[in-house]
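**Q** To be precise about what I am sending: the file is called final36.txt and holds compact mmCIF, C-alpha atoms.
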```
# COMPACT_ATOMS: atom_id res chain seq x y z
CA MET L 648 29.69 -10.70 -8.67
CA GLN L 649 26.45 -12.01 -7.13
CA GLU L 650 28.23 -12.26 -3.77
CA ASP L 651 29.29 -8.63 -4.08
CA HIS L 652 25.70 -7.56 -4.70
CA ILE L 653 24.46 -9.54 -1.72
CA LEU L 654 27.18 -8.03 0.43
CA ILE L 655 26.36 -4.49 -0.67
CA TRP L 656 22.65 -4.89 0.10
CA LYS L 657 23.46 -6.48 3.44
CA TYR L 658 25.66 -3.48 4.23
CA ILE L 659 22.98 -1.00 3.16
CA ASP L 660 20.32 -2.84 5.22
CA GLY L 661 22.65 -2.78 8.25
CA GLU L 662 22.86 -6.58 8.46
CA CYS L 663 26.64 -6.97 7.97
CA SER L 664 28.94 -8.34 10.63
CA GLU L 665 32.00 -6.27 11.58
CA ALA L 666 34.24 -8.39 9.31
CA GLU L 667 31.83 -7.97 6.37
CA LYS L 668 31.66 -4.21 6.98
CA LYS L 669 35.43 -3.95 6.84
CA ALA L 670 35.52 -6.07 3.66
CA VAL L 671 32.98 -3.77 1.95
CA GLU L 672 34.84 -0.61 3.00
CA ALA L 673 38.16 -2.02 1.81
CA LYS L 674 36.69 -3.07 -1.55
CA LEU L 675 35.18 0.37 -2.04
CA LEU L 676 38.69 1.87 -1.85
CA ILE L 677 40.44 -0.50 -4.25
CA ASN L 678 37.83 -1.93 -6.62
CA PRO L 679 36.26 0.57 -9.13
CA ALA L 680 33.71 -1.98 -10.41
CA PHE L 681 32.59 -2.66 -6.84
CA ARG L 682 32.43 1.10 -6.26
CA ALA L 683 30.24 1.58 -9.38
CA GLU L 684 27.91 -1.19 -8.20
CA TRP L 685 27.81 0.37 -4.74
CA ASP L 686 26.83 3.74 -6.26
CA CYS L 687 23.96 2.14 -8.21
CA CYS L 688 22.66 0.35 -5.11
CA LYS L 689 22.90 3.50 -3.01
CA ALA L 690 21.10 5.52 -5.71
CA LEU L 691 18.30 2.94 -5.88
CA GLN L 692 18.08 2.87 -2.08
CA THR L 693 17.71 6.68 -2.06
CA GLU L 694 15.01 6.60 -4.73
CA LEU L 695 13.09 3.84 -2.98
CA SER L 696 13.24 5.75 0.31
CA ARG L 697 11.96 8.91 -1.40
CA GLN L 698 8.74 7.26 -2.54
CA GLN L 699 5.49 8.88 -1.51
CA PRO L 700 2.30 6.91 -0.84
CA GLU L 701 -0.37 6.99 -3.52
CA GLN L 702 -3.40 9.10 -2.76
CA PRO L 703 -6.96 7.87 -3.27
CA SER L 704 -9.67 10.17 -4.60
CA LEU L 705 -10.93 13.05 -2.50
CA ARG L 706 -14.24 11.22 -1.98
CA PHE L 707 -12.48 8.16 -0.58
CA GLN L 708 -12.89 8.93 3.12
CA ALA L 709 -16.52 9.98 2.71
CA ASN L 710 -17.26 6.81 0.72
CA VAL L 711 -15.67 4.63 3.40
CA LEU L 712 -17.58 6.32 6.21
CA ASP L 713 -20.85 6.13 4.24
CA ARG L 714 -20.38 2.39 3.70
CA VAL L 715 -19.33 1.71 7.28
CA PHE L 716 -22.07 3.71 8.96
CA LYS L 717 -24.78 2.44 6.64
CA ALA L 718 -23.76 -1.08 7.54
CA PHE L 719 -23.43 -0.24 11.26
CA PRO L 720 -25.73 2.70 12.08
CA ALA L 721 -25.20 4.33 15.44
CA LYS L 722 -27.87 3.60 18.00
CA SER L 723 -29.96 6.59 19.02
CA ALA L 724 -30.76 7.27 22.65
CA GLN L 725 -34.26 5.95 22.06
CA GLN L 726 -32.85 2.58 20.99
CA LEU L 727 -30.56 2.42 23.99
CA LEU L 728 -33.38 3.20 26.46
CA PRO L 729 -36.92 1.85 26.27
CA ARG L 730 -39.06 4.35 24.38
CA SER L 731 -41.77 4.37 27.08
CA PHE L 732 -39.15 5.15 29.74
CA VAL L 733 -37.86 8.12 27.77
CA ARG L 734 -41.39 9.43 27.26
CA TRP L 735 -42.31 9.04 30.93
CA MET L 736 -39.11 10.79 31.98
CA ALA L 737 -39.69 13.61 29.52
CA GLY L 738 -43.33 13.98 30.62
CA LEU L 739 -42.56 13.91 34.31
CA GLY L 740 -39.67 16.32 33.88
CA SER L 741 -41.82 18.73 31.92
CA ALA L 742 -44.70 18.51 34.41
CA LEU L 743 -42.36 18.99 37.37
CA THR L 744 -40.66 21.93 35.75
CA ALA L 745 -43.97 23.55 34.84
CA ALA L 746 -45.44 23.02 38.31
CA LEU L 747 -42.41 24.33 40.14
CA SER L 748 -42.12 27.30 37.82
CA TRP L 749 -45.78 28.14 38.25
CA ALA L 750 -45.49 27.76 42.00
CA ALA L 751 -42.41 29.92 42.18
CA LEU L 752 -44.00 32.67 40.14
CA ASN L 753 -47.56 32.68 41.48
CA VAL L 754 -47.56 31.56 45.09
CA SER L 755 -46.73 34.27 47.50
CA PRO L 756 -47.73 35.03 51.11
CA TYR L 757 -49.71 37.98 49.78
CA SER L 758 -52.05 35.98 47.56
CA HIS L 759 -55.47 35.60 49.16
CA SER L 760 -57.68 32.89 47.73
CA HIS L 761 -61.36 32.94 48.57
CA SER L 762 -62.02 29.46 47.19
CA ARG L 763 -61.27 26.63 49.62
CA PHE L 764 -59.83 24.51 46.78
CA ASN L 765 -57.56 27.34 45.66
CA HIS L 766 -56.51 27.87 49.23
CA VAL L 767 -55.57 24.18 49.65
CA VAL L 768 -53.62 24.16 46.38
CA ASP L 769 -51.88 27.44 47.16
CA SER L 770 -50.94 26.41 50.66
CA SER L 771 -49.71 22.98 49.47
CA LEU L 772 -47.55 24.53 46.80
CA ALA L 773 -46.33 27.17 49.24
CA ARG L 774 -45.31 24.42 51.67
CA LEU L 775 -43.61 22.55 48.79
CA VAL L 776 -41.71 25.63 47.69
CA ASP L 777 -40.77 26.37 51.31
CA ALA L 778 -39.63 22.77 51.84
CA ILE L 779 -37.32 22.76 48.84
CA PRO L 780 -34.28 24.99 49.19
CA TYR L 781 -33.88 27.44 46.34
CA SER L 782 -30.63 25.83 45.08
CA THR L 783 -32.23 22.35 44.98
CA PHE L 784 -35.26 23.69 43.19
CA PHE L 785 -33.02 25.40 40.67
CA MET L 786 -30.99 22.21 40.15
CA ILE L 787 -34.09 20.04 39.63
CA ALA L 788 -35.43 22.55 37.16
CA MET L 789 -32.16 22.62 35.24
CA VAL L 790 -31.86 18.81 35.10
CA ALA L 791 -35.45 18.40 34.00
CA SER L 792 -35.06 21.09 31.31
CA THR L 793 -31.81 19.53 30.06
CA LEU L 794 -33.44 16.09 29.83
CA PHE L 795 -36.33 17.57 27.92
CA ILE L 796 -34.03 19.45 25.53
CA LEU L 797 -31.92 16.32 24.95
CA TYR L 798 -35.06 14.33 24.22
CA LEU L 799 -36.16 16.90 21.63
CA MET L 800 -32.66 17.02 20.13
CA ASP L 801 -32.56 13.23 19.84
CA ILE L 802 -35.84 13.22 17.95
CA SER L 803 -34.81 16.04 15.60
CA LEU L 804 -31.30 14.62 14.93
CA ARG L 805 -32.75 11.20 14.19
CA ARG L 806 -35.07 12.79 11.67
CA PHE L 807 -32.24 14.90 10.22
CA PHE L 808 -29.82 12.01 9.68
CA ARG L 809 -32.62 9.49 8.98
CA THR L 810 -30.92 6.77 11.00
CA MET B 301 1.18 3.31 18.20
CA GLU B 302 -0.41 4.48 21.47
CA GLU B 303 -2.53 6.90 19.48
CA ASP B 304 -3.70 4.00 17.29
CA ILE B 305 -4.72 1.99 20.34
CA ARG B 306 -6.55 4.99 21.78
CA LEU B 307 -8.44 5.47 18.51
CA VAL B 308 -9.25 1.76 18.31
CA ARG B 309 -10.61 1.82 21.86
CA LEU B 310 -12.74 4.89 21.14
CA THR B 311 -14.04 3.34 17.92
CA LEU B 312 -15.06 0.24 19.82
CA GLN B 313 -16.93 2.49 22.24
CA GLY B 314 -18.87 3.83 19.27
CA SER B 315 -16.94 6.98 18.36
CA ARG B 316 -17.31 7.75 14.67
CA LEU B 317 -14.80 10.56 14.95
CA ALA B 318 -12.12 8.13 16.14
CA PHE B 319 -12.77 5.79 13.22
CA ARG B 320 -12.65 8.74 10.83
CA GLN B 321 -9.22 9.61 12.26
CA LEU B 322 -8.01 6.03 11.75
CA VAL B 323 -9.15 6.16 8.12
CA GLU B 324 -7.43 9.51 7.67
CA ARG B 325 -4.15 8.22 9.14
CA TYR B 326 -3.94 5.09 7.03
CA GLN B 327 -5.94 5.65 3.85
CA ASN B 328 -2.90 6.53 1.71
CA PHE B 329 -0.85 3.54 2.86
CA VAL B 330 -3.74 1.10 2.50
CA PHE B 331 -4.56 2.50 -0.92
CA THR B 332 -0.90 2.22 -1.99
CA ILE B 333 -0.84 -1.48 -1.05
CA THR B 334 -4.09 -2.26 -2.87
CA TYR B 335 -3.05 -0.18 -5.88
CA ARG B 336 0.32 -1.88 -6.22
CA VAL B 337 -1.31 -5.30 -6.07
CA LEU B 338 -4.27 -4.53 -8.34
CA ARG B 339 -2.61 -1.96 -10.65
CA SER B 340 -5.90 -0.21 -11.28
CA ARG B 341 -6.88 2.92 -9.46
CA GLU B 342 -10.63 2.19 -9.43
CA GLU B 343 -10.24 -1.39 -8.28
CA ALA B 344 -7.66 -0.38 -5.68
CA GLU B 345 -10.01 2.25 -4.27
CA GLU B 346 -12.85 -0.25 -4.08
CA ALA B 347 -10.57 -2.78 -2.37
CA ALA B 348 -9.24 -0.13 0.06
CA GLN B 349 -12.82 0.75 1.00
CA ASP B 350 -13.53 -2.95 1.60
CA VAL B 351 -10.48 -3.02 3.88
CA PHE B 352 -11.80 -0.28 6.13
CA VAL B 353 -15.30 -1.80 6.21
CA LYS B 354 -13.74 -5.13 7.27
CA VAL B 355 -11.58 -3.34 9.85
CA HIS B 356 -14.63 -1.67 11.39
CA LYS B 357 -16.55 -4.94 11.38
CA THR B 358 -13.78 -7.00 12.99
CA LEU B 359 -12.12 -4.38 15.17
CA ALA B 360 -13.29 -6.15 18.33
CA SER B 361 -11.22 -9.18 17.30
CA PHE B 362 -7.99 -7.12 17.18
CA GLU B 363 -6.11 -8.53 20.16
CA GLN B 364 -3.21 -6.04 20.17
CA LYS B 365 -0.68 -8.86 19.86
CA SER B 366 0.81 -6.97 16.93
CA LYS B 367 0.77 -3.30 15.99
CA PHE B 368 -2.52 -1.98 14.66
CA SER B 369 -0.77 -1.01 11.40
CA THR B 370 0.51 -4.59 10.94
CA TRP B 371 -3.01 -5.96 11.48
CA LEU B 372 -4.46 -3.37 9.10
CA TYR B 373 -1.88 -4.03 6.36
CA THR B 374 -2.49 -7.77 6.70
CA ILE B 375 -6.17 -7.18 5.94
CA ALA B 376 -5.23 -4.79 3.11
CA TYR B 377 -2.80 -7.26 1.55
CA ARG B 378 -5.18 -10.22 1.74
CA THR B 379 -8.13 -8.20 0.45
CA ALA B 380 -6.05 -6.98 -2.50
CA ILE B 381 -4.66 -10.44 -3.25
CA ASP B 382 -8.18 -11.92 -3.14
CA ALA B 383 -9.47 -9.17 -5.44
CA ASN B 384 -6.54 -9.81 -7.78
CA ARG B 385 -7.31 -13.52 -7.86
CA ARG B 386 -10.93 -12.76 -8.68
CA LYS B 387 -9.87 -10.40 -11.39
CA ASN B 388 -7.31 -12.89 -12.70
CA ASN B 389 -6.30 -10.51 -15.40
CA ASP B 390 -2.73 -9.36 -15.86
CA THR B 391 -3.37 -6.73 -18.51
CA ARG B 392 -3.34 -3.09 -17.54
CA SER B 393 -3.53 0.25 -19.25
CA LEU B 394 -0.17 1.92 -19.84
CA ASP B 395 -1.88 5.32 -19.75
CA ASP B 396 -2.80 4.82 -16.10
CA SER B 397 0.75 5.26 -14.87
CA GLU B 398 0.73 8.98 -15.67
CA VAL B 399 -2.04 9.60 -13.18
CA PHE B 400 0.06 8.48 -10.24
CA LEU B 401 3.05 10.78 -10.56
CA GLN B 402 4.10 12.51 -7.36
CA VAL B 403 4.99 16.17 -7.36
CA GLU B 404 8.61 16.69 -6.30
CA ASP B 405 9.85 19.29 -3.86
CA THR B 406 11.23 22.05 -6.10
CA GLN B 407 12.60 24.35 -3.41
CA THR B 408 16.23 23.26 -3.57
CA ALA B 409 16.67 21.31 -6.77
CA SER B 410 17.45 22.92 -10.13
CA PRO B 411 14.79 22.62 -12.88
CA VAL B 412 16.94 20.09 -14.77
CA ALA B 413 17.48 18.01 -11.65
CA VAL B 414 13.75 18.21 -10.89
CA LEU B 415 12.91 16.95 -14.38
CA GLN B 416 15.44 14.13 -14.11
CA ASN B 417 14.21 13.20 -10.64
CA LYS B 418 10.62 13.23 -11.81
CA ASP B 419 11.52 10.89 -14.66
CA LEU B 420 13.40 8.64 -12.29
CA GLN B 421 10.57 8.45 -9.76
CA GLU B 422 8.11 7.88 -12.60
CA ALA B 423 10.26 5.06 -13.94
CA LEU B 424 10.54 3.61 -10.45
CA GLN B 425 6.76 3.68 -9.95
CA GLU B 426 6.25 2.00 -13.31
CA ALA B 427 8.85 -0.61 -12.50
CA ILE B 428 7.23 -1.35 -9.10
CA LEU B 429 3.86 -1.77 -10.82
CA LYS B 430 5.42 -4.34 -13.11
CA LEU B 431 6.53 -6.48 -10.16
CA LYS B 432 4.55 -9.48 -8.96
CA PRO B 433 1.84 -8.42 -6.45
CA GLU B 434 3.72 -10.09 -3.57
CA ASP B 435 6.99 -8.36 -4.51
CA ALA B 436 5.28 -4.99 -4.98
CA THR B 437 3.81 -5.38 -1.51
CA ILE B 438 7.18 -6.29 0.00
CA VAL B 439 8.91 -3.25 -1.48
CA THR B 440 6.00 -1.03 -0.38
CA LEU B 441 5.99 -2.31 3.17
CA PHE B 442 9.79 -2.25 3.48
CA TYR B 443 10.40 1.22 2.10
CA LEU B 444 7.15 3.15 2.30
CA ASN B 445 5.79 1.79 5.54
CA GLU B 446 9.26 1.08 6.95
CA LYS B 447 8.17 -2.28 8.26
CA PRO B 448 10.86 -4.69 9.46
CA ILE B 449 11.21 -8.06 7.71
CA LYS B 450 9.58 -9.83 10.68
CA GLU B 451 6.39 -7.79 10.37
CA ILE B 452 6.35 -8.14 6.58
CA SER B 453 6.53 -11.88 7.20
CA GLU B 454 3.45 -11.66 9.46
CA ILE B 455 1.56 -9.63 6.88
CA THR B 456 2.38 -11.70 3.80
CA ARG B 457 2.74 -15.09 5.54
CA LEU B 458 6.03 -15.62 3.71
CA THR B 459 9.10 -16.75 5.61
CA GLU B 460 11.71 -14.15 6.56
CA THR B 461 14.29 -15.89 4.35
CA ASN B 462 11.89 -15.87 1.43
CA ILE B 463 11.25 -12.15 1.92
CA LYS B 464 14.98 -11.37 2.08
CA THR B 465 15.58 -13.36 -1.12
CA ARG B 466 12.68 -11.67 -2.89
CA LEU B 467 13.84 -8.25 -1.68
CA PHE B 468 17.33 -8.89 -3.06
CA ARG B 469 15.98 -10.07 -6.43
CA LEU B 470 13.47 -7.29 -6.85
CA ARG B 471 16.02 -4.63 -5.96
CA GLU B 472 18.39 -6.08 -8.53
CA ALA B 473 15.56 -6.01 -11.10
CA LEU B 474 14.69 -2.40 -10.22
CA LYS B 475 18.35 -1.43 -10.40
CA HIS B 476 18.57 -2.99 -13.83
CA HIS B 477 15.47 -1.07 -14.90
CA LEU B 478 16.82 2.28 -13.66
CA THR B 479 20.44 1.91 -14.79
CA PRO B 480 19.79 3.77 -18.11
CA PHE B 481 18.68 6.83 -16.10
CA TRP B 482 21.86 6.93 -14.05
CA GLU B 483 23.99 6.32 -17.12
CA SER B 484 22.30 9.19 -18.97
CA ASP B 485 22.94 11.39 -15.90
CA ARG B 486 26.65 10.56 -16.01
CA GLY B 487 26.78 10.92 -19.80
```
Can you turn what I pasted into structure tokens?

**A**
Amino acid sequence: MQEDHILIWKYIDGECSEAEKKAVEAKLLINPAFRAEWDCCKALQTELSRQQPEQPSLRFQANVLDRVFKAFPAKSAQQLLPRSFVRWMAGLGSALTAALSWAALNVSPYSHSHSRFNHVVDSSLARLVDAIPYSTFFMIAMVASTLFILYLMDISLRRFFRT
Amino acid sequence: MEEDIRLVRLTLQGSRLAFRQLVERYQNFVFTITYRVLRSREEAEEAAQDVFVKVHKTLASFEQKSKFSTWLYTIAYRTAIDANRRKNNDTRSLDDSEVFLQVEDTQTASPVAVLQNKDLQEALQEAILKLKPEDATIVTLFYLNEKPIKEISEITRLTETNIKTRLFRLREALKHHLTPFWESDRG
């Protein structure tokens, strides 16, 4: 009987040799007790295959992520780059953007300065604006603004998530 | 499998979203393993959380020699077995089993068949929870996670012959447990 059970499970698991397969199929036709045992094994196999995984609570994923990210907080941009470097870059970018914007808006060939100092500044800025093609100027301004915005976002997100 | 590797790589690069996706993909399977070993929903959930924390901590050591799921289930199994050893308590509440029933698909089956099937699945779940932790893990990995014997051997550190023997014995035990249901069906 034990051998029959082993043979049936081997057949169901697909581990039978050709000779064993034929033996099982022949027994199924002539042996009612073997057939009944076969039916039980097949029914159990079907039930086991129909199992569904258990589901944890709805908070499970959030709890896991809380634990993981508290233990291993993400590094902010300020931790990845030296803080002084970020500040210098933000300051320079802001100053450059402001200067170029002011120059673009206020310096024109029609402005007449009476002060020598104003004249020197105006002419220097005019030369600078003339020297930089419009597309390059626009690109520098965009990059500087983006850096500045990212810097501000980094600060505010760090405060928001308290990392 | 390729998707797992992609998510692992992204997690190692610091992507939280990728790790969240890994948790989402495997949380039910990991929880099922820990639950079937520990037989308590609360303890299983705690252990399953520990599994994912360990996975995140040691992900860099995953060498891709085996599938990610095999590596993950190895951690899940060992964490659950360790927790079970610490607990060292075989008693469990009989009321708990009702919480874990799965809802059957009622689209094609008749109400009577649905009721019978529900009872049968319930009885099966209860019977699996009565198995030894190692046997409950083997039946879970073999049927639910569809892991081949070789990978189950890697996960549980039991020999393939031992697993085959255990699988035969536990299926015979389960069959014995469920025979009254099939007999009542025929009757």

**Q** Could you give me, as a list of chain:residue names, the residues within 7 Å of B:Ile333, counting all atoms listed in the file and dropping anything in the same chain fewer than 6 positions from it?

**A**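 Close residues of B:Ile333: B:Ala376, B:Tyr377, B:Thr437, B:Thr440.
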
**Q** With all atoms listed in the file as the atoms that count, which of B:Ala383, B:Leu372, B:Val351, B:Leu474 lies nearest to B:Ala423?

**A**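 Under the stated criterion, the closest residue is B:Leu474.
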
**Q** With a cut-off of 7 Å, could you pull out the residues of chain B touching chain L and give me the nearest pair of atoms for each, distance in Å to one decimal, using all atoms listed in the file, ordered by chain and ascending number, as a tab-separated table?

**A**
```
residue	atom	partner	partner_atom	distance
B:Val323	CA	L:Gln708	CA	6.8
B:Asn328	CA	L:Gln702	CA	5.2
B:Phe329	CA	L:Pro700	CA	5.9
B:Phe331	CA	L:Pro703	CA	6.3
B:Thr332	CA	L:Glu701	CA	5.0
B:Glu345	CA	L:Pro703	CA	6.5
B:Gln349	CA	L:Val711	CA	5.4
B:Phe352	CA	L:Val711	CA	6.8
B:Val353	CA	L:Val715	CA	5.5
B:Phe400	CA	L:Glu701	CA	6.9
B:Gln421	CA	L:Glu694	CA	7.0
B:Tyr443	CA	L:Ser696	CA	5.6
B:Leu444	CA	L:Gln698	CA	6.5
B:Lys475	CA	L:Leu691	CA	6.3
```

**Q** Output as AutoDock Vina command-line options the centre and edge lengths (Å, one decimal) of the box along x, y and z of the file that holds every listed atom of stretch 703-715 of chain L after adding 3 Å on each side.

**A**
```
--center_x -13.9 --center_y 7.4 --center_z 1.3 --size_x 19.9 --size_y 17.3 --size_z 17.9
```

**Q** Write out as an mmCIF file with C-alpha atoms, in the coordinates of the input the residues lying within 12 Å of L:Lys674, counting all atoms listed in the file and excluding same-chain residues fewer than 4 positions away.

**A**
```
data_model
loop_
_atom_site.group_PDB
_atom_site.id
_atom_site.type_symbol
_atom_site.label_atom_id
_atom_site.label_comp_id
_atom_site.auth_asym_id
_atom_site.auth_seq_id
_atom_site.Cartn_x
_atom_site.Cartn_y
_atom_site.Cartn_z
ATOM 1 C CA ASP L 651 29.290 -8.630 -4.080
ATOM 2 C CA LEU L 654 27.180 -8.030 0.430
ATOM 3 C CA ILE L 655 26.360 -4.490 -0.670
ATOM 4 C CA GLU L 667 31.830 -7.970 6.370
ATOM 5 C CA LYS L 668 31.660 -4.210 6.980
ATOM 6 C CA LYS L 669 35.430 -3.950 6.840
ATOM 7 C CA ALA L 670 35.520 -6.070 3.660
ATOM 8 C CA ASN L 678 37.830 -1.930 -6.620
ATOM 9 C CA PRO L 679 36.260 0.570 -9.130
ATOM 10 C CA ALA L 680 33.710 -1.980 -10.410
ATOM 11 C CA PHE L 681 32.590 -2.660 -6.840
ATOM 12 C CA ARG L 682 32.430 1.100 -6.260
ATOM 13 C CA ALA L 683 30.240 1.580 -9.380
ATOM 14 C CA GLU L 684 27.910 -1.190 -8.200
ATOM 15 C CA TRP L 685 27.810 0.370 -4.740
#
```

**Q** Which distance in Å separates atom CA of B:Arg320 and atom CA of B:Met301, to one decimal?

**A**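 We find that atom CA of B:Arg320 and atom CA of B:Met301 lie 16.6 Å from each other.
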
**Q** What gap, in Å, lies between atom CA of B:His477 and atom CA of B:Ala427?

**A**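 Between atom CA of B:His477 and atom CA of B:Ala427 the gap is 7.1 Å.
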
**Q** So how far away is atom CA of L:Leu747 from atom CA of L:Ser771, in Å?

**A**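 Going from atom CA of L:Ser771 over to atom CA of L:Leu747, I get 11.9 Å.
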
**Q** With distances taken over only C-alpha atoms, which residue among B:Glu451, B:Glu446, B:Asp435, B:Glu483 lies nearest B:Ile381?

**A** B:Asp435

**Q** Env of B:Thr465: 12 Å cut, atoms = only C-alpha atoms, seq-sep filter 2 positions within chain, self excluded. Answer as a ChimeraX atom specification.

**A** /L:653,656-657 /B:435,438,449,458-463,467-472

**Q** Skipping near chain neighbours, those fewer than 3 positions away, what residues fall within 7 Å of stretch 312-314 of chain B using all atoms listed in the file, listed as a PyMOL selection string?

**A** chain B and resi 308-309+360

**Q** Quick one: write out the picked residues with C-alpha atoms as a compact mmCIF listing (two decimals), keeping the file's coordinate frame?

**A**
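Everything below was put into selection.txt:
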```txt
# COMPACT_ATOMS: atom_id res chain seq x y z
CA VAL B 308 -9.25 1.76 18.31
CA ARG B 309 -10.61 1.82 21.86
CA ALA B 360 -13.29 -6.15 18.33
```
